[in-house]
file upload.cif (mmCIF, C-alpha atoms)
data_model
loop_
_atom_site.label_atom_id
_atom_site.label_comp_id
_atom_site.auth_asym_id
_atom_site.auth_seq_id
_atom_site.Cartn_x
_atom_site.Cartn_y
_atom_site.Cartn_z
CA MET A 1 39.81 -10.39 133.08
CA LYS A 2 39.55 -6.91 131.53
CA ILE A 3 39.62 -7.14 127.73
CA ALA A 4 40.12 -4.09 125.49
CA ILE A 5 38.40 -4.19 122.13
CA CYS A 6 40.42 -2.26 119.57
CA GLY A 7 39.39 -1.86 115.97
CA ALA A 8 38.06 0.28 113.17
CA SER A 9 35.70 2.99 114.33
CA LEU A 10 35.11 4.63 110.94
CA PRO A 11 33.24 3.19 107.94
CA PRO A 12 33.14 1.24 105.78
CA PHE A 13 32.23 -1.71 107.99
CA ASP A 14 31.93 -5.35 107.00
CA LYS A 15 28.53 -6.73 108.10
CA ILE A 16 29.99 -10.13 109.02
CA ALA A 17 32.76 -8.51 111.09
CA LEU A 18 30.16 -6.30 112.84
CA LYS A 19 28.18 -9.40 113.77
CA LYS A 20 31.33 -11.15 115.01
CA ALA A 21 32.29 -8.07 117.07
CA TYR A 22 28.87 -8.21 118.73
CA GLU A 23 29.34 -11.93 119.44
CA ILE A 24 32.79 -11.29 120.93
CA GLY A 25 31.27 -8.74 123.29
CA LYS A 26 28.47 -11.10 124.23
CA ASP A 27 30.96 -13.90 124.94
CA ILE A 28 33.13 -11.59 127.05
CA ALA A 29 30.09 -10.79 129.21
CA LEU A 30 28.93 -14.42 129.45
CA ASN A 31 32.41 -15.37 130.71
CA ASN A 32 32.24 -12.64 133.40
CA HIS A 33 35.03 -10.57 131.86
CA THR A 34 34.91 -6.77 131.63
CA LEU A 35 34.90 -5.23 128.17
CA ARG A 36 36.83 -1.98 127.71
CA PHE A 37 36.77 0.13 124.54
CA GLY A 38 37.66 3.63 123.40
CA GLY A 39 34.10 4.92 123.77
CA CYS A 40 33.87 5.14 119.97
CA TRP A 41 31.67 3.75 117.19
CA GLY A 42 32.41 0.86 114.81
CA TYR A 43 33.59 -2.61 115.77
CA PRO A 44 34.48 -1.65 119.36
CA TYR A 45 30.97 -0.21 119.84
CA GLU A 46 29.34 -3.37 118.42
CA ALA A 47 31.34 -5.47 120.87
CA ALA A 48 30.35 -3.12 123.71
CA LYS A 49 26.71 -3.45 122.67
CA GLY A 50 26.97 -7.26 122.69
CA ALA A 51 28.46 -7.24 126.20
CA PHE A 52 26.04 -4.59 127.53
CA GLU A 53 22.96 -6.37 126.16
CA SER A 54 24.24 -9.57 127.82
CA LYS A 55 24.36 -7.75 131.19
CA GLY A 56 28.16 -7.49 131.19
CA LYS A 57 30.36 -4.77 132.59
CA VAL A 58 31.45 -2.34 129.86
CA THR A 59 33.85 0.55 130.40
CA ALA A 60 34.29 3.33 127.84
CA ILE A 61 37.75 4.93 127.96
CA SER A 62 36.99 8.28 126.36
CA PRO A 63 39.50 10.70 124.82
CA ALA A 64 37.28 13.54 126.09
CA LYS A 65 37.73 15.55 129.27
CA ASP A 66 34.08 14.99 130.29
CA ARG A 67 30.80 13.41 129.14
CA GLU A 68 29.70 16.60 127.39
CA GLU A 69 32.84 16.72 125.24
CA HIS A 70 32.53 12.96 124.64
CA ALA A 71 29.14 13.51 122.99
CA ALA A 72 29.39 17.03 121.55
CA ILE A 73 32.97 17.27 120.29
CA TYR A 74 33.85 13.63 119.53
CA LYS A 75 30.24 12.69 118.68
CA PHE A 76 30.79 9.34 120.41
CA PRO A 77 27.99 7.15 121.74
CA THR A 78 26.51 7.68 125.20
CA ASP A 79 24.91 4.26 125.54
CA ASN A 80 25.86 0.59 125.82
CA PHE A 81 28.39 1.02 128.62
CA THR A 82 28.11 0.76 132.39
CA GLU A 83 30.94 3.17 133.16
CA ILE A 84 32.88 5.92 131.40
CA SER A 85 36.37 7.13 132.18
CA CYS A 86 37.12 10.50 130.57
CA THR A 87 40.86 10.82 130.09
CA GLY A 88 41.11 14.26 128.48
CA LEU A 89 44.02 12.82 126.47
CA GLY A 90 42.46 13.07 123.02
CA ILE A 91 43.08 10.58 120.25
CA PRO A 92 45.44 8.69 120.24
CA GLY A 93 46.33 9.65 123.84
CA ARG A 94 43.50 7.60 125.33
CA ASN A 95 44.96 4.45 123.70
CA LEU A 96 47.61 4.16 126.40
CA PRO A 97 45.21 3.97 129.41
CA LEU A 98 42.85 1.77 127.39
CA VAL A 99 45.51 -0.85 126.70
CA MET A 100 47.56 -0.46 129.89
CA GLY A 101 44.49 -0.84 132.10
CA SER A 102 43.45 -4.05 130.36
CA ASP A 103 44.65 -7.61 130.89
CA ALA A 104 44.30 -8.51 127.22
CA VAL A 105 43.40 -6.96 123.86
CA ILE A 106 41.28 -8.09 120.92
CA ILE A 107 41.95 -6.55 117.50
CA ILE A 108 39.11 -6.31 114.96
CA SER A 109 40.10 -4.80 111.59
CA GLY A 110 41.52 -1.32 112.23
CA GLN A 111 43.70 1.41 110.87
CA ILE A 112 46.43 3.60 112.40
CA GLY A 113 44.78 3.94 115.84
CA THR A 114 44.35 0.20 116.14
CA LEU A 115 47.93 -0.32 115.03
CA ASN A 116 48.98 2.03 117.86
CA GLU A 117 46.92 0.00 120.35
CA PHE A 118 48.42 -3.22 119.03
CA THR A 119 52.00 -1.96 119.38
CA ILE A 120 51.36 -0.82 122.97
CA ALA A 121 49.91 -4.24 123.86
CA PHE A 122 52.69 -6.08 122.00
CA HIS A 123 55.42 -4.07 123.72
CA GLN A 124 53.77 -4.67 127.12
CA LYS A 125 53.56 -8.43 126.35
CA LYS A 126 49.79 -8.44 126.86
CA PRO A 127 47.81 -11.35 125.45
CA ILE A 128 46.42 -10.28 122.08
CA GLY A 129 43.57 -11.87 120.15
CA VAL A 130 43.21 -11.13 116.44
CA LEU A 131 39.86 -11.64 114.68
CA GLU A 132 41.11 -13.16 111.45
CA GLY A 133 39.32 -12.20 108.27
CA SER A 134 38.06 -8.90 109.72
CA GLY A 135 40.21 -6.78 107.38
CA GLY A 136 42.29 -3.71 108.11
CA ILE A 137 45.55 -4.27 109.96
CA THR A 138 44.58 -7.81 111.04
CA SER A 139 45.93 -9.12 107.74
CA LEU A 140 49.35 -7.62 108.57
CA ILE A 141 49.74 -8.40 112.28
CA LYS A 142 51.55 -11.73 111.84
CA GLU A 143 54.22 -10.01 109.74
CA ILE A 144 54.46 -7.00 112.06
CA ALA A 145 54.84 -9.29 115.09
CA LYS A 146 57.50 -11.34 113.29
CA ILE A 147 59.51 -8.21 112.44
CA CYS A 148 59.16 -6.73 115.95
CA LYS A 149 59.67 -9.91 117.98
CA LYS A 150 62.75 -9.90 120.19
CA VAL A 151 65.04 -12.91 120.51
CA GLY A 152 63.78 -15.32 123.16
CA GLU A 153 60.38 -13.64 123.35
CA GLU A 154 57.39 -15.94 123.01
CA ASP A 155 54.33 -14.97 121.03
CA ARG A 156 51.42 -13.72 123.11
CA ILE A 157 49.08 -13.55 120.10
CA VAL A 158 46.24 -15.86 119.12
CA TYR A 159 44.46 -15.77 115.76
CA GLU A 160 40.91 -16.97 115.25
CA GLU A 161 37.90 -16.38 112.96
CA GLU A 162 35.23 -17.58 115.40
CA PRO A 163 34.27 -15.19 118.25
CA LYS A 164 33.76 -17.80 120.99
CA GLU A 165 37.03 -19.54 120.17
CA LEU A 166 38.88 -16.23 120.09
CA VAL A 167 37.69 -15.30 123.59
CA ARG A 168 38.46 -18.83 124.85
CA LYS A 169 41.97 -18.86 123.34
CA LEU A 170 42.67 -15.40 124.75
CA SER A 171 41.50 -16.51 128.22
CA ASP A 172 43.74 -19.58 128.01
CA LEU A 173 46.69 -17.43 126.94
CA ASN A 174 46.08 -15.02 129.82
CA ASN A 175 46.08 -17.93 132.30
CA GLN A 176 49.48 -19.21 131.13
#

call {"tool": "encode", "arguments": {"input": "upload.cif", "output": "structure tokens"}}
result
Amino acid sequence: MKIAICGASLPPFDKIALKKAYEIGKDIALNNHTLRFGGCWGYPYEAAKGAFESKGKVTAISPAKDREEHAAIYKFPTDNFTEISCTGLGIPGRNLPLVMGSDAVIIISGQIGTLNEFTIAFHQKKPIGVLEGSGGITSLIKEIAKICKKVGEEDRIVYEEEPKELVRKLSDLNNQ
């Protein structure tokens, strides 16, 4: 399974949420899933680091047109991934290939960009995992999903505070 990690990439960061993001990444790798992220810093980067350090496959989906722009213009990290795909689509343009190319999405905190990633995943009926208690838009997702849910549409969202349980629940949801 290819899992996109979407979340806040700009400070301030919660130390507990950073640790949980790392653990999510580690668990994704240990379960032989591929972690995909926007090639950015913050919670997605911590998850990428957890997966990479656990010998997992990690793909950065960069908004840049090439590696040089990725580092020089966006000032995004150049480590802790096994592969980079430079989209040249900018931000938020890269959100579409990030989410569409993934089987499932995990949301950790987040602001407007993460909300955009969530709405793409929700509209595409992708399994979505929400790290509860991580702040940002995660505290609003239940209400947003309730407002946006169409008649007869089942929820494809799981909510969990514990990293291992979140990855397990998301895997179970993807297998349904």

call {"tool": "resolve_selection", "arguments": {"input": "upload.cif", "expression": "the PyMOL selection byres ((chain A and resi 96-98) around 7)", "output": "PyMOL selection string"}}
result
chain A and resi 4+37-38+61+93-95+99-102

call {"tool": "residues_near_point", "arguments": {"input": "upload.cif", "point": "(40.1, -4.5, 108.1)", "cutoff": "9 Å", "atoms": "all atoms listed in the file", "output": "MDAnalysis selection string"}}
result
chainID A and resid 7:8 13:14 17 108:111 133:139

call {"tool": "closest_residue", "arguments": {"input": "upload.cif", "among": "A:Ala51, A:Met1, A:Cys6, A:Ile144", "to": "Glu117 in chain A", "atoms": "only C-alpha atoms"}}
result
A:Cys6

call {"tool": "residues_near_point", "arguments": {"input": "upload.cif", "point": "(45.1, 17.0, 125.6)", "cutoff": "9 Å", "atoms": "only C-alpha atoms", "output": "PyMOL selection string"}}
result
chain A and resi 63-65+87-91+93

call {"tool": "atom_distance", "arguments": {"input": "upload.cif", "atom1": "CA of Ser62 in chain A", "atom2": "CA of Tyr74 in chain A"}}
result
9.2 Å

call {"tool": "atom_distance", "arguments": {"input": "upload.cif", "atom1": "CA of Leu170 in chain A", "atom2": "CA of Ile16 in chain A"}}
result
20.9 Å

call {"tool": "axis_aligned_box", "arguments": {"input": "upload.cif", "around": "range 95-113 of chain A", "padding_each_side": "3 Å", "output": "lines of an AutoDock Vina configuration file"}}
result
center_x = 43.4
center_y = -2.0
center_z = 121.5
size_x = 14.5
size_y = 19.0
size_z = 27.2

call {"tool": "atom_distance", "arguments": {"input": "upload.cif", "atom1": "CA of Thr59 in chain A", "atom2": "CA of Arg36 in chain A"}}
result
4.7 Å

call {"tool": "closest_residue", "arguments": {"input": "upload.cif", "among": "A:Val58, A:Trp41, A:Glu160, A:Lys49", "to": "Lys75 in chain A", "atoms": "all atoms listed in the file"}}
result
A:Trp41

call {"tool": "closest_residue", "arguments": {"input": "upload.cif", "among": "A:Lys150, A:Leu140, A:Ile84, A:Arg156", "to": "Phe122 in chain A", "atoms": "all atoms listed in the file"}}
result
A:Arg156

call {"tool": "resolve_selection", "arguments": {"input": "upload.cif", "expression": "the PyMOL selection byres ((chain A and resi 173) around 9)", "output": "list in words"}}
result
Pro127, Ile128, Arg156, Ile157, Val158, Arg168, Lys169, Leu170, Ser171, Asp172, Asn174, Asn175 and Gln176 of chain A

call {"tool": "closest_residue", "arguments": {"input": "upload.cif", "among": "A:Ile147, A:Leu35, A:Lys26, A:Asp155", "to": "Ala121 in chain A", "atoms": "only C-alpha atoms"}}
result
A:Asp155

call {"tool": "resolve_selection", "arguments": {"input": "upload.cif", "expression": "the PyMOL selection byres ((chain A and resi 31) around 12)", "output": "PyMOL selection string"}}
result
chain A and resi 1-3+24-30+32-35+51+54-57+164+167-168+170-171

call {"tool": "write_last_selection", "arguments": {"input": "upload.cif", "atoms": "C-alpha atoms", "output": "PDB file, keeping the file's coordinate frame"}}
result
ATOM      1  CA  MET A   1      39.810 -10.390 133.080  1.00  0.00           C
ATOM      2  CA  LYS A   2      39.550  -6.910 131.530  1.00  0.00           C
ATOM      3  CA  ILE A   3      39.620  -7.140 127.730  1.00  0.00           C
ATOM      4  CA  ILE A  24      32.790 -11.290 120.930  1.00  0.00           C
ATOM      5  CA  GLY A  25      31.270  -8.740 123.290  1.00  0.00           C
ATOM      6  CA  LYS A  26      28.470 -11.100 124.230  1.00  0.00           C
ATOM      7  CA  ASP A  27      30.960 -13.900 124.940  1.00  0.00           C
ATOM      8  CA  ILE A  28      33.130 -11.590 127.050  1.00  0.00           C
ATOM      9  CA  ALA A  29      30.090 -10.790 129.210  1.00  0.00           C
ATOM     10  CA  LEU A  30      28.930 -14.420 129.450  1.00  0.00           C
ATOM     11  CA  ASN A  32      32.240 -12.640 133.400  1.00  0.00           C
ATOM     12  CA  HIS A  33      35.030 -10.570 131.860  1.00  0.00           C
ATOM     13  CA  THR A  34      34.910  -6.770 131.630  1.00  0.00           C
ATOM     14  CA  LEU A  35      34.900  -5.230 128.170  1.00  0.00           C
ATOM     15  CA  ALA A  51      28.460  -7.240 126.200  1.00  0.00           C
ATOM     16  CA  SER A  54      24.240  -9.570 127.820  1.00  0.00           C
ATOM     17  CA  LYS A  55      24.360  -7.750 131.190  1.00  0.00           C
ATOM     18  CA  GLY A  56      28.160  -7.490 131.190  1.00  0.00           C
ATOM     19  CA  LYS A  57      30.360  -4.770 132.590  1.00  0.00           C
ATOM     20  CA  LYS A 164      33.760 -17.800 120.990  1.00  0.00           C
ATOM     21  CA  VAL A 167      37.690 -15.300 123.590  1.00  0.00           C
ATOM     22  CA  ARG A 168      38.460 -18.830 124.850  1.00  0.00           C
ATOM     23  CA  LEU A 170      42.670 -15.400 124.750  1.00  0.00           C
ATOM     24  CA  SER A 171      41.500 -16.510 128.220  1.00  0.00           C
TER      25      SER A 171
END
